[in-house]
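Since the structure comes first, as structure tokens, the remarks are kept for the end.
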Amino acid sequence: MKIAITAQSNNTEALFDQRFGRAEYFCVYNSETQTSEFVNNENIKASNGAGTKVAELMAELGVGKVISGDFGPKAKELLDKLNIQMVIITDEGQSVATVIQKIK
């Protein structure tokens, strides 16, 4: 399964980002191959609708689960419709690598 993790930079030592639609990057972790790739969030500066645009991006990337600190109501609704599971982590200050270790 592909799992997207919101990140503040484009490496696994980057801090986990609490924001979904406004996250700098997404670490797309493949649980089957145990590989990661980073995707730049081109919607970060959108005046509105960043969350729904990112939800659509998650579907395009084939993501089955998204881990973030918060999801807006419109993003939640669309992710539900797309059958993409949402996991909320409220612990700030942990790295993307730490999040990956927790889901292994």
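A note on labels: chains of the structure tokens are A, B, ... as shown, every chain counts residues from 1, and ligands are counted from 1 in their shown order.
Those residues that approach Arg19 of chain A to within 8 Å, counting only C-alpha atoms, are A:Thr6, A:Ser68, A:Gly69, A:Asp70, A:Phe71; same-chain residues fewer than 6 positions away are not listed.
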Please produce a file of the residues just selected, as a PDB file, in the first residue's frame, where the atoms kept are N, CA and C atoms.
ATOM      1  N   THR A   6       2.716  13.729   5.434  1.00  0.00           N
ATOM      2  CA  THR A   6       3.016  15.137   5.225  1.00  0.00           C
ATOM      3  C   THR A   6       4.383  15.459   5.828  1.00  0.00           C
ATOM      4  N   SER A  68      -1.368  12.726   8.564  1.00  0.00           N
ATOM      5  CA  SER A  68      -1.152  14.166   8.737  1.00  0.00           C
ATOM      6  C   SER A  68      -1.630  14.568  10.122  1.00  0.00           C
ATOM      7  N   GLY A  69      -1.462  15.832  10.442  1.00  0.00           N
ATOM      8  CA  GLY A  69      -1.905  16.325  11.741  1.00  0.00           C
ATOM      9  C   GLY A  69      -3.330  16.836  11.725  1.00  0.00           C
ATOM     10  N   ASP A  70      -3.802  17.244  10.549  1.00  0.00           N
ATOM     11  CA  ASP A  70      -5.140  17.803  10.450  1.00  0.00           C
ATOM     12  C   ASP A  70      -5.599  17.757   9.001  1.00  0.00           C
ATOM     13  N   PHE A  71      -6.889  17.612   8.814  1.00  0.00           N
ATOM     14  CA  PHE A  71      -7.506  17.627   7.493  1.00  0.00           C
ATOM     15  C   PHE A  71      -8.674  18.597   7.550  1.00  0.00           C
TER      16      PHE A  71
END
**Picked from chain A by DSSP as helix (DSSP H, G or I), as a PyMOL selection string** = chain A and resi 50-60+73-81+96-103
Atoms kept (C-alpha atoms) for selection, written as a PDB file, in the first residue's frame:
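again.pdb written:
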ATOM      1  CA  ALA A  50      -5.623  23.433  -1.386  1.00  0.00           C
ATOM      2  CA  GLY A  51      -6.943  20.488   0.640  1.00  0.00           C
ATOM      3  CA  THR A  52      -9.261  19.199  -2.078  1.00  0.00           C
ATOM      4  CA  LYS A  53      -6.572  19.625  -4.750  1.00  0.00           C
ATOM      5  CA  VAL A  54      -4.144  17.650  -2.609  1.00  0.00           C
ATOM      6  CA  ALA A  55      -6.796  14.962  -2.003  1.00  0.00           C
ATOM      7  CA  GLU A  56      -7.116  14.609  -5.788  1.00  0.00           C
ATOM      8  CA  LEU A  57      -3.318  14.373  -6.037  1.00  0.00           C
ATOM      9  CA  MET A  58      -3.334  11.551  -3.482  1.00  0.00           C
ATOM     10  CA  ALA A  59      -5.794   9.625  -5.661  1.00  0.00           C
ATOM     11  CA  GLU A  60      -3.621  10.220  -8.752  1.00  0.00           C
ATOM     12  CA  PRO A  73     -13.645  19.455   6.229  1.00  0.00           C
ATOM     13  CA  LYS A  74     -13.688  19.531   2.409  1.00  0.00           C
ATOM     14  CA  ALA A  75     -10.508  17.459   2.177  1.00  0.00           C
ATOM     15  CA  LYS A  76     -11.949  14.926   4.661  1.00  0.00           C
ATOM     16  CA  GLU A  77     -15.119  14.618   2.625  1.00  0.00           C
ATOM     17  CA  LEU A  78     -13.251  14.077  -0.645  1.00  0.00           C
ATOM     18  CA  LEU A  79     -10.755  11.625   0.865  1.00  0.00           C
ATOM     19  CA  ASP A  80     -13.715   9.642   2.251  1.00  0.00           C
ATOM     20  CA  LYS A  81     -15.322   9.556  -1.210  1.00  0.00           C
ATOM     21  CA  VAL A  96       9.156  11.417   8.759  1.00  0.00           C
ATOM     22  CA  ALA A  97      11.522   8.477   9.423  1.00  0.00           C
ATOM     23  CA  THR A  98       9.992   8.085  12.899  1.00  0.00           C
ATOM     24  CA  VAL A  99       6.495   8.005  11.420  1.00  0.00           C
ATOM     25  CA  ILE A 100       7.602   5.370   8.895  1.00  0.00           C
ATOM     26  CA  GLN A 101       9.073   3.226  11.686  1.00  0.00           C
ATOM     27  CA  LYS A 102       5.746   3.400  13.551  1.00  0.00           C
ATOM     28  CA  ILE A 103       3.781   2.125  10.550  1.00  0.00           C
TER      29      ILE A 103
END
**Prompt:** Contacts of Gln8 of chain A at 6 Å or less, counting only C-alpha atoms, minus same-chain residues fewer than 6 places along, as a list of chain:residue names?
**Reply:** A:Ala14, A:Leu15, A:Asp17, A:Glu24
**Request:** Provide the atom CA of Thr90 of chain A to atom CA of Gln18 of chain A distance in Å, to one decimal place.
**Result:**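 These two atoms are separated by 7.4 Å.
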**Given only C-alpha atoms as the counted atoms, nearest of A:Val39, A:Ile44, A:Leu82, A:Met1 to Phe20 of chain A** =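 Among A:Val39, A:Ile44, A:Leu82, A:Met1, it is A:Ile44 that comes nearest to Phe20 of chain A.
The space between atom CA of Lys2 of chain A and atom CA of Gly21 of chain A spans 18.2 Å.
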**Request:** Compare A:Ser47, A:Ser95, A:Gln85, A:Asn10 by their minimum atom-to-atom distance to Phe26 of chain A, counting only C-alpha atoms, and give me the closest one.
**Result:**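 Closest candidate: A:Asn10.
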